[in-house]
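Some notes on the structure that comes next.
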Amino acid sequence: MTGEIMAVIATFLVTLLLAYPLGRYVARVYAGQKTITDFMAPLERLLYRISGIDPLQPMNWKQFLKAMLTINMLWLVYAMLMLIVQGKLPLNPDGNPGQTPDLAFNTAISFLVNCNLQHYSGETGLTYLTQLLVITFLQFVSAATGLAALIAVFNGLKHRTTQNLGNFWMLFVRSVTRILLPLCIIGAVLLAVNGTPSGFEGKDTITTLQGDTVQVSRGPAAGMIAIKHLGTNGGGWFGTNSAHPFENPNYFTGMLELVMQVLIPVAMIFALGFYINRRRLALIIFTVMTVGMLCLVIPNMLAETSGSPAIAQLGIQQPTGAMEGKEVRFGPAASAYWSVVTTIISTGSVNSMHDSSMPVAGLTQLLGMMINAFYGGCGVGLLNYLIYMIIAVFISGLMVGRTPELLGHKVEAREVKIAALVTLLSAFLVKAFTALAAYMVAHHPDMAWAVKPGNWLNNPSYHGFSEMLYEYTSANANNGSGFEGLGDNNPFWNITTGFVLILARFLPIIGPVAIVGLLANKKFIPESPGTLRVDSWTFGMVTFAVIIIINALSFFPALALGPLAEYFSMIK
Amino acid sequence: MKQDKNQIRLFDPALLGKAFLQSVVKLNPRLLIKNPVMFTVGIGTLVMLMVCVYQVVSGDTTQGALWYNMVIFLILLLTVLFGNFAEALAEARGKAQAESLRKTREETPARRIGNAVIDGESLLETVASSALRVGDRFVCEAGDVIPIDGEIEEGIATIDESAITGESAPVIREAGGDKSSVTGGTKVLSDRIVVRVTTAPGQSFLDRMIALVEGASRQKTPNEIALTILLASFTLIFVIVCVTLKPFADYAQTPITIAAFISLFVCLIPTTIGGLLSAIGIAGMDRALRANVIAKSGKAVETAGDVDVLLLDKTGTITIGNRKATNFYPAQPGEEEAFIRYSALGSLADETPEGRSILELAAKEGIQVQAPADTQFVSFTAETRSSGADLPDGTRIRKGAFDSIRAQAIQAGYSIDPAVEERVRHIGTNGGTPLVVAVNNQVKGVIELQDIIKPGIQERFQRLRRMGVKTVMVTGDNPLTAKYIASVAGVDDFIAEAKPEDKMNYIRREQAGGKLVAMMGDGTNDAPALAQADVGVAMNSGTQAAKEAGNMVDLDNDPTKLIEVVEIGKQLLITRGTLTTFSIANDVAKYFAIVPALFISSIPALQALNIMKLGSPESAILAAVIFNAIIIPLLIPLALKGVAYKPIGASALLRRNLFIYGIGGILAPFAGIKLIDICLSLFM
């Protein structure tokens, strides 16, 4: 077990070693400085020319958001249409049918918002064409949208007073050409070398040792699996995601995929330091996030490596830890680390069945998604963190007797209102929809829907409650992982999670961009000894406390009824 | 006298009575809705009342015992009343403070100068002060109480302003200049003045301030609005928590009574800060008033806490009054006595404080002079820039600035002793002012005048620096002198040879850099700068124009008052911030009390969350609600007095307050709820 834990630590350290220089590179890319990827410039110019875009045109926060939302809306319509008619389109060697409208609605939104909640199974629900031109396409552009929004926020914080948050198109294009694409090519090659399929043939047939014939799905998967992690998307090519032997063939690819999903979120923290020239702030944010991650990883790993208390009570030794729902080639330690990483970062890819996690592990996964800012998704993790910072700045500003300021700009009623709304939103979406589902299960189990509410849950009681809570928490966090064990491919879940997804994606992007847009318009106030420095450890602590308190207050009762009740019942 | 007026006991019995009454009056929903947090508690109380009534009428027992629901109802009602009480008490204290000021506003007869003219004299008519209008003129003589604020048009008078400032020493007010304004309620001790009314009745500063502390015209400050938004959103989160708990409980097949829902909700929403928020604001205004500062708005007080730059006049603020002679330096060694004698003779008719200080210093040296008869005194003129005396024996004594005396000496054919020149330079670089004395155009020596820096002022500036406030000294002195005094007094910057527009430019420049600037002034020529400054404190003795331009008036005319104002502003914000933190941190313990209590019947395993080991679900909920209610009155003294401000730097201050009110806020309710639960277990 020690070896497994060391391997996890090594994986994390490798991530940091790569993320730091990547952060520096990212800052140079967006600042328009010379980088090794400058050979992409002609391609970018071509794109701008075709689209009639002036990449240097300044945008204020409203114009920026308008551009971002418009193009996202177009992608949504495009993706939905493609998914519905995919059965009749080429590159469909397995002859998969088109998706039902409610499933297409859910799938299109889910990938558009970088969530990748999959209410279908990749092998049967999509064709190679839609895997590539819808799913993989959205995985790139949704990650790039998040990055572009974050850079807009950086631009607002960088300048003393400015209207211009940067040109959305330019930031978006560069995110793809300079960051996502080059990294994905490296990742995809490494995956393909390790055995991930990347050809266009349809299902293969093998004969097992028992003599049965088994159809094995495959396809051009390596590239998609690279962006799925690098872009913190998480939606797998195959139904069982990164637990599938093609999607994640061995321990090395397991480590690789772990590194890939944490890489950009961590690099963006360092990029913040380089780009707005506040490295100390970046270091403090990184530390707060890492401490937060450890607070979730450690209990999770302890629970998973020591096995189920229920089995232990029977007097059965569990030297390999809790192995239900896990792949033998990864083991409990790496799976535990993965399950936390994939939930704190909005990836949502899985290499084990979260439904089978120990209650404590399930609790940490839920908390990771509720907080959604310990590293967090591609670009959007820091945006979520900014919201917590605004609230922390406000409360601690008052506590030191000064009108609160964030990096030289006064935080006033309007900014607090937006931050409060965004905070409120996540509590509302998760709890209200979980309550609706719980209500249906409790009071109308026999409702004549496609799937009766009474049949949604594979597990009764607390665990069933956790399944519903997990689903909406995952949707709200744009995470995309599932507790599974939930009958979710039916109109109720497809539509409700669809709404949660779209609201929980765009409002938390609009919020921070608007806040920073408003702040950047205000007069710059130079620092004085009376100013509360946000790049101080004290302030880091306050932010951490705010994150914990807000989420504890919002979700404690729900967690008590789900994983906590399960845990305490189990150790009884 | 000052002490008596400024100290109203925190829990004065008379005030408590009034506040109790007011807290019931404030149950009126229309008043309650101004405070969204307490309003929702009010709704919860009403629901509990209806539950109780329903139980009495129908005899239904599914909602728990009737007595239990009644108790919950009463505690919730108390919670609202406590919140109202805090506000009412703050208002009552403000009112009491205002009342003592208002006594001076009582109807005073005024002798208005009428339009009728008899024998070239305007006829005086006696009218009530409330009948005076802006522009009216009235007459006050020794013994009269001035009926209303105004500006002296004719005459000079000594005035007792103790009714306003608490300072018993009379002050002189005269027509023209910067000391022409008089305040209603003060008393003329000598002479006769004609005053022009400058404010309409009920519109004076004092009236506005009284309205502010009484809460009638109190507008929420920007920070208060932002905080209210944050608290409202926390309240909404808890609405969501409590509403969704119903289907969750249905799923877990746990019946939850209405009383439990409402208790959970009321405990979670930030009632502590919600109940105390307006009291904190009113108390801030009240503290300003206690410091004898009248603020035009709550916002002005709050802004004072944010001030980055403080403009202070040198004279009176940093130095005591005027320069004083400290040394005589004769040009020729050994001629000391003769030099002092000449200096004294030359200053005999000099009525300026500097002139008098020369005589004082001479007397200290044992030299008393008497002017011979027929001495011609020469007063200071702009051309000669010197003054002095022509003695009957033909000796012409002149004293003045070095360059003017030098010019006269050189014109008369004398050369200047390099030692004198050196001395002059030396005095200048040490912050002193050299006065050169010449006899018959021959330089006899130099008198050194020095500014006396107020004792203790360096510490105050240091305190300001630790608060992050930059101090700037404004003086008419030359840059050399200014620099010296600035360094001795410990101010960060200075404006030398300052003209009124220099102040203005300095303020503009700092503001352009994003700084908030405060200044104090009294003269009409200060008015534009007072208006431009973010916090402009006008002295009460100043002109009406200055008072109108500023956003605060200092009744004590104390230039160091700005420092206190800054601290009051900071204290106001800190009190809000710390109590918000405390209030929200409290919720952790309340969750641990109530959530296990709600579900323990159907999910016994959740007993593990009952870390306080509370007796029963009923007592746990009751204990949490009781704690939630009584914490409000317990914190009223803190809210009214304000959390102490310590100038220890932002991060240190944050750590300190976070430790006390954050960690304390988490731990205190654990102890409190457990204690109440133990007490309850004696009855339940």
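Residues are referred to by chain and number: the chain letter is A, B, ... according to the order shown in the structure tokens, the number counts from 1 in that chain, and ligands are numbered separately from 1 in the order shown.
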Return as a ChimeraX atom specification the residues belonging to chain B that are within 7 Å of chain A, counting only C-alpha atoms.
/B:222-223,225-226,229-230,233,237,240-241,244,247-248,250-252,305-306,466-468,513-515,570-571,573-574,576-578,595,605-606,608,649-651,653-655,657
For segment 325-334 of chain B, list every protein, DNA or RNA residue within 6 Å, evaluated using only C-alpha atoms, and leave out those in the same chain fewer than 4 positions away; present the list as a PyMOL selection string.
chain B and resi 339+357-358+444-449
Computed interatomic separation between atom CA of Thr186 of chain B and atom CA of Glu161 of chain B (Å):
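Pair atom CA of Thr186 of chain B / atom CA of Glu161 of chain B returns 4.9 Å.
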In Å, rounded to a single decimal, give me how far atom CA of Met612 of chain B is from atom CA of Val47 of chain B.
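Interatomic distance here is 29.1 Å.
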Selected residue, from B:Ile405, B:Ala585, B:Leu189, B:Ala200, that lies nearest to Ser129 of chain B when counting only C-alpha atoms:
B:Ala200
Two-atom distance - atom CA of Leu310 of chain B, atom CA of Arg465 of chain B (Å)
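If I compute the distance from atom CA of Leu310 of chain B to atom CA of Arg465 of chain B, I get 10.5 Å.
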Taking only C-alpha atoms into account, name the residue in A:Thr342, A:Asn96, A:Asn167, A:Thr136 that is nearest to Ile151 of chain A.
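When distances to Ile151 of chain A are compared using only C-alpha atoms, the smallest one comes from A:Asn167.
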Got a sec: who's within 10 Å of Val53 of chain B, counting only C-alpha atoms, leaving out chain neighbours fewer than 6 positions off, as a VMD selection string?
chain B and resid 47 59 66 70
As a PyMOL selection string, please: every residue in segment 227-268 of chain A that a backbone DSSP assignment puts in alpha helix (DSSP H).
chain A and resi 227-230+251-268
Shell around segment 22-37 of chain B at 9 Å using only C-alpha atoms, local window under 6 positions removed, as a VMD selection string:
chain B and resid 80 to 89 228 231 to 232 235 269 to 271 273 to 275 277 to 278
Excluding same-chain residues fewer than 3 positions from Ile427 of chain B, what lies within 9 Å of it counting only C-alpha atoms, as a ChimeraX atom specification?
/B:422-424,430-434,448-450,481
For C-alpha atoms, I'd like the residues from the last selection saved as an mmCIF file, in the first residue's frame.
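Result file part-v3.cif:
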```cif
data_model
loop_
_atom_site.group_PDB
_atom_site.id
_atom_site.type_symbol
_atom_site.label_atom_id
_atom_site.label_comp_id
_atom_site.auth_asym_id
_atom_site.auth_seq_id
_atom_site.Cartn_x
_atom_site.Cartn_y
_atom_site.Cartn_z
ATOM 1 C CA GLU B 422 25.644 81.896 8.976
ATOM 2 C CA ARG B 423 23.442 82.202 12.042
ATOM 3 C CA VAL B 424 20.424 83.101 9.949
ATOM 4 C CA ASN B 430 16.597 74.013 12.209
ATOM 5 C CA GLY B 431 13.023 74.985 11.609
ATOM 6 C CA GLY B 432 13.282 78.320 13.307
ATOM 7 C CA THR B 433 12.519 81.725 11.936
ATOM 8 C CA PRO B 434 15.285 84.313 12.204
ATOM 9 C CA GLU B 448 15.515 82.997 16.881
ATOM 10 C CA LEU B 449 11.820 82.190 16.782
ATOM 11 C CA GLN B 450 10.834 78.571 17.107
ATOM 12 C CA THR B 481 11.349 75.601 8.145
#
```
